[in-house]
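The next block holds one structure in the form of structure tokens; read it before the comments.
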Amino acid sequence: MVSLFDGRYLYSAIRTDIAENLGNPELLPDVYRFYSPFDGHEVLVKHRIALTFYVNGVRLSDEFNVIPTLTEEAIIGITTMQKWRIKPDIGNGSVSVDPKLAIPILKSPRLRKSVQSPLSKV
């Protein structure tokens, strides 16, 4: 799947056909109304889906709004980028993410020493 990293979108979004291939979109209790950052048209969101995805081999997860009229397969919005500290490099057309963010932080120092990140084997 190809994702666009776009800071003009507040939330991450995914096209309906792609979401249905990856899981079961969940019906929202209320319809969300957004406005497209490109043309200002109103977009109604009725479903969401929680997804695990990888950026440069780093496992991340977030909730995506399911939008039938989305022109891209998926868009990573600013909220997801801030949450995972994803940094777009517009000049090179790439993104970076700190792999340490995907390591679970445990309260007990004794346990912290014995746990390795599942990503260390990836």
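Identifiers for the structure tokens are assigned positionally: chains receive A, B, ... in sequence, residues are indexed from 1 per chain, and ligands are indexed from 1 in the order shown.
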### Task
Please report, as a list in words, each residue of chain A to which DSSP assigns alpha helix (DSSP H) when run on this structure's backbone.
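The alpha helix (DSSP H) residues within chain A come out as Thr16, Asp17, Ile18, Ala19, Glu20, Asn21, Leu22, Ile78, Thr79, Thr80, Met81, Gln82, Lys83, Pro109, Arg110, Leu111, Arg112, Lys113 and Ser114 of chain A.
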Next, write the just-selected residues to a file, as a short mmCIF file (atom, residue, chain, number, x, y, z; two decimals), in the first residue's frame, keeping C-alpha atoms as the atom set.
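Below is the file selection29.cif, written as the result:
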```cif
data_model
loop_
_atom_site.label_atom_id
_atom_site.label_comp_id
_atom_site.auth_asym_id
_atom_site.auth_seq_id
_atom_site.Cartn_x
_atom_site.Cartn_y
_atom_site.Cartn_z
CA THR A 16 -12.83 2.19 1.78
CA ASP A 17 -11.71 -0.61 -0.58
CA ILE A 18 -8.24 -0.71 1.01
CA ALA A 19 -9.65 -0.65 4.56
CA GLU A 20 -12.00 -3.55 3.80
CA ASN A 21 -9.07 -5.61 2.47
CA LEU A 22 -7.11 -5.00 5.68
CA ILE A 78 -0.51 15.38 11.17
CA THR A 79 -1.95 13.81 14.34
CA THR A 80 -0.35 10.44 13.50
CA MET A 81 2.91 12.11 12.48
CA GLN A 82 3.08 14.00 15.78
CA LYS A 83 2.10 10.95 17.83
CA PRO A 109 13.75 -1.19 35.79
CA ARG A 110 14.27 -4.94 36.42
CA LEU A 111 11.76 -5.86 33.72
CA ARG A 112 13.05 -3.20 31.34
CA LYS A 113 16.46 -4.91 31.21
CA SER A 114 15.02 -8.30 30.33
#
```
### Message
DSSP on the backbone, strand (DSSP E or B) only: what residues of region 18-67 of chain A does that give? Format it as a ChimeraX atom specification.
### Response
/A:26-35,42-55,58-67
Output of the above residues as a compact mmCIF listing (two decimals), in the first residue's frame, restricted to C-alpha atoms:
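Resulting contents of again-v7.txt:
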```
# COMPACT_ATOMS: atom_id res chain seq x y z
CA GLU A 26 -16.11 0.03 12.59
CA LEU A 27 -19.24 2.17 12.36
CA LEU A 28 -18.81 5.48 14.19
CA PRO A 29 -21.47 6.48 16.74
CA ASP A 30 -21.84 9.83 14.93
CA VAL A 31 -20.91 10.98 11.45
CA TYR A 32 -17.77 13.17 11.37
CA ARG A 33 -17.76 16.13 9.01
CA PHE A 34 -14.44 17.32 7.62
CA TYR A 35 -13.47 19.64 4.81
CA GLU A 42 -17.35 18.51 2.87
CA VAL A 43 -16.36 14.90 3.58
CA LEU A 44 -18.62 12.69 5.70
CA VAL A 45 -16.89 9.94 7.66
CA LYS A 46 -19.06 7.07 8.91
CA HIS A 47 -16.41 4.40 9.62
CA ARG A 48 -12.96 4.06 11.17
CA ILE A 49 -10.40 1.29 11.37
CA ALA A 50 -7.46 0.68 13.70
CA LEU A 51 -4.39 -0.46 11.78
CA THR A 52 -0.84 -1.54 12.44
CA PHE A 53 1.54 -0.27 9.77
CA TYR A 54 5.26 0.03 9.15
CA VAL A 55 7.32 3.10 8.33
CA VAL A 58 9.27 0.49 12.40
CA ARG A 59 5.94 -0.94 13.56
CA LEU A 60 3.33 1.72 14.42
CA SER A 61 -0.44 1.78 14.90
CA ASP A 62 -3.24 4.30 14.74
CA GLU A 63 -6.87 4.85 13.84
CA PHE A 64 -7.78 5.80 10.27
CA ASN A 65 -10.96 7.47 9.02
CA VAL A 66 -12.47 5.42 6.19
CA ILE A 67 -13.30 7.70 3.26
```
### Minimum-distance residue to Glu72 (chain A), chosen among A:Ser3, A:Asn24, A:Ser12, A:Asn56 (using only C-alpha atoms)
A:Ser3
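Residues lying within 10 Å of region 93-98 of chain A, counting only C-alpha atoms and ignoring same-chain neighbours fewer than 2 positions away, are Phe5, Val55, Asn56, Gly57, Val58, Leu60, Met81, Trp84, Arg85, Ile86, Lys87, Pro88, Asp89, Ile90, Gly91, Lys100, Leu101 and Ala102 of chain A.
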### Task
Determine, counting only C-alpha atoms, which protein, DNA and RNA residues have an atom within 7 Å of an atom of Ala74 (chain A); residues of the same chain fewer than 6 positions away are not included. Present the result as a PyMOL selection string.
chain A and resi 2-4+13-15
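Interatomic distance, CA of Ile75 (chain A) to CA of Leu10 (chain A): 10.1 Å.
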### Query
Between CA of Tyr11 (chain A) and CA of Asn92 (chain A), what is the spacing in Å?
23.6 Å
### Task
Between CA of Arg8 (chain A) and CA of Gly77 (chain A), measure the distance and give it in Å to one decimal.
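Distance between the two atoms: 7.2 Å.
In terms of minimum interatomic distance to Met1 (chain A), A:Glu73 ranks closest within A:Gly40, A:Pro99, A:Pro68, A:Glu73, counting only C-alpha atoms.
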